[in-house]
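The file upload-v8.cif contains mmCIF, C-alpha atoms:
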```
data_input
loop_
_atom_site.label_atom_id
_atom_site.label_comp_id
_atom_site.auth_asym_id
_atom_site.auth_seq_id
_atom_site.Cartn_x
_atom_site.Cartn_y
_atom_site.Cartn_z
CA MET J 1 0.00 0.00 0.00
CA ARG J 2 1.26 3.48 -0.75
CA GLU J 3 2.63 5.26 2.30
CA SER J 4 0.32 8.27 2.28
CA THR J 5 -2.76 6.08 1.86
CA TYR J 6 -1.55 3.82 4.68
CA LEU J 7 -0.89 6.83 6.90
CA ARG J 8 -4.26 8.41 6.09
CA ASN J 9 -6.08 5.19 6.96
CA GLU J 10 -3.99 4.59 10.08
CA LEU J 11 -4.75 8.06 11.43
CA LYS J 12 -8.37 8.08 10.18
CA LEU J 13 -7.81 11.32 8.29
CA THR J 14 -9.91 12.69 5.48
CA GLN J 15 -8.31 13.29 2.10
CA TYR J 16 -8.43 17.01 2.81
CA GLU J 17 -6.63 16.61 6.17
CA MET J 18 -3.97 14.35 4.66
CA ALA J 19 -3.44 16.73 1.74
CA GLU J 20 -2.93 19.55 4.25
CA LEU J 21 -0.25 17.50 6.04
CA LEU J 22 1.53 16.81 2.75
CA ASN J 23 1.11 20.40 1.52
CA ILE J 24 -0.72 19.32 -1.65
CA THR J 25 -4.29 19.69 -2.89
CA ARG J 26 -7.01 17.20 -2.09
CA SER J 27 -7.46 16.45 -5.78
CA GLN J 28 -3.74 15.60 -6.11
CA LEU J 29 -4.09 13.15 -3.24
CA SER J 30 -7.28 11.68 -4.68
CA LEU J 31 -5.68 11.09 -8.06
CA PHE J 32 -2.68 9.52 -6.34
CA GLU J 33 -4.88 7.16 -4.30
CA LEU J 34 -6.73 6.15 -7.46
CA GLY J 35 -3.37 5.32 -9.06
CA LEU J 36 -3.77 7.94 -11.79
CA ARG J 37 -0.92 10.25 -10.72
CA GLU J 38 2.19 10.31 -8.62
CA LEU J 39 2.67 12.61 -5.65
CA PRO J 40 5.26 15.37 -5.77
CA THR J 41 8.62 14.24 -4.40
CA THR J 42 8.35 16.56 -1.38
CA ALA J 43 4.98 15.01 -0.45
CA LEU J 44 6.39 11.49 -0.82
CA ILE J 45 9.31 12.37 1.44
CA LYS J 46 6.98 13.89 4.06
CA ALA J 47 4.69 10.82 3.92
CA SER J 48 7.69 8.48 4.33
CA LYS J 49 8.99 10.43 7.32
CA MET J 50 5.58 10.44 8.98
CA VAL J 51 5.09 6.69 8.39
CA ASN J 52 8.56 6.02 9.80
CA PHE J 53 7.81 8.18 12.85
CA ILE J 54 4.47 6.45 13.52
CA ALA J 55 6.05 3.01 13.09
CA THR J 56 8.98 3.67 15.45
CA ALA J 57 7.41 5.95 18.08
CA LYS J 58 6.41 4.49 21.42
CA ALA J 59 2.71 3.87 21.88
CA PRO J 60 1.06 7.15 22.84
CA ASP J 61 -0.32 7.57 26.34
CA ALA J 62 -3.19 9.98 26.90
CA LYS J 63 -1.52 11.20 30.11
CA ASP J 64 1.29 12.69 28.00
CA TYR J 65 -1.09 15.20 26.43
CA PRO J 66 -2.67 17.90 28.61
CA GLN J 67 -5.41 18.53 26.06
CA ILE J 68 -6.58 14.94 26.57
CA ALA J 69 -6.43 15.06 30.38
CA ASP J 70 -9.79 16.85 30.46
CA TRP J 71 -11.30 14.07 28.35
CA GLU J 72 -9.90 11.44 30.69
CA GLU J 73 -11.44 13.27 33.64
CA GLU J 74 -14.77 13.47 31.81
CA LYS J 75 -14.57 9.74 31.07
CA GLU J 76 -14.01 8.98 34.75
CA LYS J 77 -16.92 11.22 35.76
CA PHE J 78 -19.15 9.55 33.18
CA LEU J 79 -18.26 6.06 34.43
CA ALA J 80 -18.76 7.06 38.06
CA LYS J 81 -22.18 8.49 37.19
CA ALA J 82 -23.07 5.36 35.21
CA ILE J 83 -22.29 3.21 38.26
CA ASP J 84 -24.25 5.54 40.54
CA ASP J 85 -27.20 5.41 38.12
CA CYS J 86 -27.05 1.60 38.10
CA LYS J 87 -27.16 1.52 41.88
CA HIS J 88 -30.00 4.05 41.99
CA TYR J 89 -32.10 2.11 39.47
CA GLN J 90 -31.37 -1.14 41.30
CA SER J 91 -32.61 0.36 44.56
CA ALA J 92 -35.77 1.61 42.87
CA ILE J 93 -36.44 -1.81 41.35
CA ILE J 94 -35.83 -3.57 44.67
CA ARG J 95 -38.39 -1.26 46.33
CA LYS J 96 -40.79 -1.84 43.45
CA LEU J 97 -40.30 -5.62 43.62
CA THR J 98 -41.19 -5.60 47.31
CA LYS J 99 -44.40 -3.69 46.61
CA ILE J 100 -45.29 -5.91 43.65
CA GLU J 101 -44.72 -9.07 45.71
CA GLU J 102 -46.91 -7.72 48.52
CA ALA J 103 -49.65 -6.75 46.08
CA TYR J 104 -49.40 -10.13 44.36
CA GLN J 105 -49.79 -11.97 47.67
CA ALA J 106 -52.77 -9.76 48.56
CA THR J 107 -54.36 -10.52 45.18
CA LEU J 108 -53.91 -14.25 45.74
CA LYS J 109 -55.67 -13.87 49.10
CA ILE J 110 -58.52 -12.01 47.38
CA PHE J 111 -58.95 -14.89 44.93
CA GLN J 112 -58.94 -17.27 47.86
CA LEU J 113 -61.58 -15.14 49.59
CA ILE J 114 -63.67 -15.03 46.39
CA ASP J 115 -63.66 -18.84 46.27
CA TYR J 116 -64.76 -18.94 49.89
CA LEU J 117 -67.53 -16.39 49.28
CA LYS J 118 -68.75 -18.36 46.26
CA GLU J 119 -69.09 -21.42 48.50
CA GLN J 120 -71.15 -19.29 50.91
CA ALA J 121 -73.49 -18.08 48.13
CA HIS J 122 -76.37 -20.30 49.32
CA GLU J 123 -76.39 -18.76 52.82
CA LYS J 124 -78.84 -15.94 53.61
CA ASP J 125 -76.16 -13.33 54.50
CA ALA J 126 -74.10 -14.13 51.39
CA LEU J 127 -72.38 -11.37 49.44
CA HIS J 128 -74.38 -9.97 46.54
CA PRO J 129 -73.29 -11.67 43.26
CA GLY J 130 -72.61 -8.25 41.66
CA ALA J 131 -70.21 -7.33 44.46
CA LEU J 132 -68.48 -10.67 44.03
CA LEU J 133 -68.04 -10.02 40.28
CA THR J 134 -66.63 -6.54 40.97
CA LEU J 135 -64.19 -7.96 43.51
CA GLU J 136 -63.10 -10.64 41.04
CA ASP J 137 -62.73 -8.10 38.20
CA ASN J 138 -60.56 -5.85 40.40
CA ALA J 139 -58.40 -8.83 41.38
CA ARG J 140 -57.83 -9.70 37.70
CA LYS J 141 -56.83 -6.10 36.96
CA SER J 142 -54.46 -6.21 39.91
CA LEU J 143 -52.78 -9.30 38.44
CA LYS J 144 -51.87 -7.31 35.33
CA LYS J 145 -49.99 -4.80 37.48
CA CYS J 146 -48.49 -7.16 40.03
CA GLY J 147 -48.72 -10.66 38.66
CA PRO J 148 -45.96 -13.15 37.84
CA LYS J 149 -45.26 -11.48 34.48
CA GLU J 150 -44.51 -8.12 36.11
CA LEU J 151 -42.44 -9.79 38.83
CA VAL J 152 -40.27 -11.58 36.26
CA LYS J 153 -39.93 -8.41 34.21
CA GLN J 154 -38.67 -6.42 37.22
CA GLN J 155 -36.36 -9.24 38.33
CA TYR J 156 -34.91 -9.38 34.82
CA GLN J 157 -34.30 -5.62 34.80
CA LEU J 158 -32.61 -5.89 38.19
CA LEU J 159 -30.31 -8.65 36.92
CA LEU J 160 -29.40 -6.57 33.87
CA LEU J 161 -28.54 -3.57 36.02
CA GLN J 162 -26.46 -5.70 38.37
CA LYS J 163 -24.57 -7.17 35.42
CA GLN J 164 -24.09 -3.70 33.93
CA GLU J 165 -22.63 -2.44 37.21
CA GLU J 166 -20.34 -5.48 37.36
CA TRP J 167 -19.11 -4.87 33.81
CA LEU J 168 -18.50 -1.17 34.47
CA ASN J 169 -16.48 -2.01 37.59
CA GLU J 170 -14.44 -4.61 35.68
CA LEU J 171 -13.74 -2.18 32.85
CA ILE J 172 -12.64 0.51 35.27
CA ALA J 173 -10.47 -1.92 37.26
CA ASN J 174 -8.82 -3.28 34.14
CA GLY J 175 -8.49 0.14 32.49
CA ARG J 176 -10.12 -1.22 29.35
CA ILE J 177 -12.37 1.73 28.58
CA GLU J 178 -11.07 3.37 25.40
CA GLU J 179 -12.09 6.61 23.72
#
```
Mind converting the file's structure to structure tokens?
Amino acid sequence: MRESTYLRNELKLTQYEMAELLNITRSQLSLFELGLRELPTTALIKASKMVNFIATAKAPDAKDYPQIADWEEEKEKFLAKAIDDCKHYQSAIIRKLTKIEEAYQATLKIFQLIDYLKEQAHEKDALHPGALLTLEDNARKSLKKCGPKELVKQQYQLLLLQKQEEWLNELIANGRIEE
């Protein structure tokens, strides 16, 4: 591969940016990359020197560049906030799960009571059938909000948040978060 094309791809530069580095026009670079023209000798020499520098220079460290230090600090703040958010959402789901479980147990007791009241329907002080239907309808509606499906959904969200927090902590500990 031609050196300037390699360098441009390695540094993720646009043709315009690479042409600026080589002190040529973008169209000259474009024609060169298409294989239709050669670069001026001065541009070839510059490209060779830059490729040699990139190939032999030690791996860059963000700490060596003050202009990047702010970005590193922002990254750390972002990750800390992401972990805090995970913990906050986990706490909210745990509180919600407790309420859902309590409501679910209460709904089960209502269904149990409905069965009992249906057995008592032949007695003279039995509950009016319309009231029994209303109670049963309300219990069914309650199941939609606090039934097994909602419990599993909240438990699943809690597991995802716990896993997300674990991954964030691992990435921070291993220093594997990249820009």
Using only C-alpha atoms, which of the listed residues (J:Ser142, J:Asn174, J:Gln90, J:Gln154) sits closest to Thr107 in chain J? J:Ser142
Give me the result of the PyMOL selection byres ((chain J and resi 79) around 12) on this file, residue by residue, as a ChimeraX atom specification. /J:72-78,80-86,164-165,167-173,175,177-178
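Taking CA of Lys149 in chain J and CA of Gly130 in chain J as the two end points, the separation is 28.5 Å.
Minimum distance to Leu158 in chain J across J:Ile24, J:Leu135, J:Ile94, J:Leu11 (counting all atoms listed in the file) occurs at J:Ile94.
Coordinates place CA of Leu97 in chain J at a distance of 9.0 Å from CA of Glu150 in chain J.
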Between J:Leu29, J:Cys146, J:Leu127, J:Ile114, which residue has the minimum interatomic distance to Thr98 in chain J, considering all atoms listed in the file? J:Cys146
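Reported to one decimal place, the separation of CA of Lys99 in chain J from CA of Leu159 in chain J is 17.8 Å.
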Quick one: residues within 12 Å of Ala131 in chain J, only C-alpha atoms counted, chain neighbours fewer than 5 positions away excluded, as a compact mmCIF listing (two decimals) with C-alpha atoms, in the frame of the given file?
```txt
# COMPACT_ATOMS: atom_id res chain seq x y z
CA ILE J 114 -63.67 -15.03 46.39
CA LEU J 117 -67.53 -16.39 49.28
CA LYS J 118 -68.75 -18.36 46.26
CA ALA J 121 -73.49 -18.08 48.13
CA ALA J 126 -74.10 -14.13 51.39
CA GLU J 136 -63.10 -10.64 41.04
CA ASP J 137 -62.73 -8.10 38.20
CA ASN J 138 -60.56 -5.85 40.40
```
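Neighbours of Ala47 in chain J closer than or equal to 12 Å, with only C-alpha atoms counted and sequence neighbours fewer than 3 positions away skipped, come out as Arg2, Glu3, Ser4, Thr5, Tyr6, Leu7, Arg8, Met18, Ala19, Glu20, Leu21, Leu22, Asn23, Ile24, Leu29, Leu39, Pro40, Thr41, Thr42, Ala43, Leu44, Met50, Val51, Asn52, Phe53 and Ile54 of chain J.
Closest approach to Ile100 in chain J from the set J:Leu143, J:Leu13, J:Ala55, J:Leu36 is made by J:Leu143, with distances taken over all atoms listed in the file.
Between Gln155 in chain J and the residues J:Glu123, J:Glu101, J:Asp70, J:Glu38, the shortest atom-to-atom distance, using only C-alpha atoms, involves J:Glu101.
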Among listed residues J:Lys145, J:Trp71, J:Asp125, J:Glu33, nearest Tyr104 in chain J (using all atoms listed in the file): J:Lys145
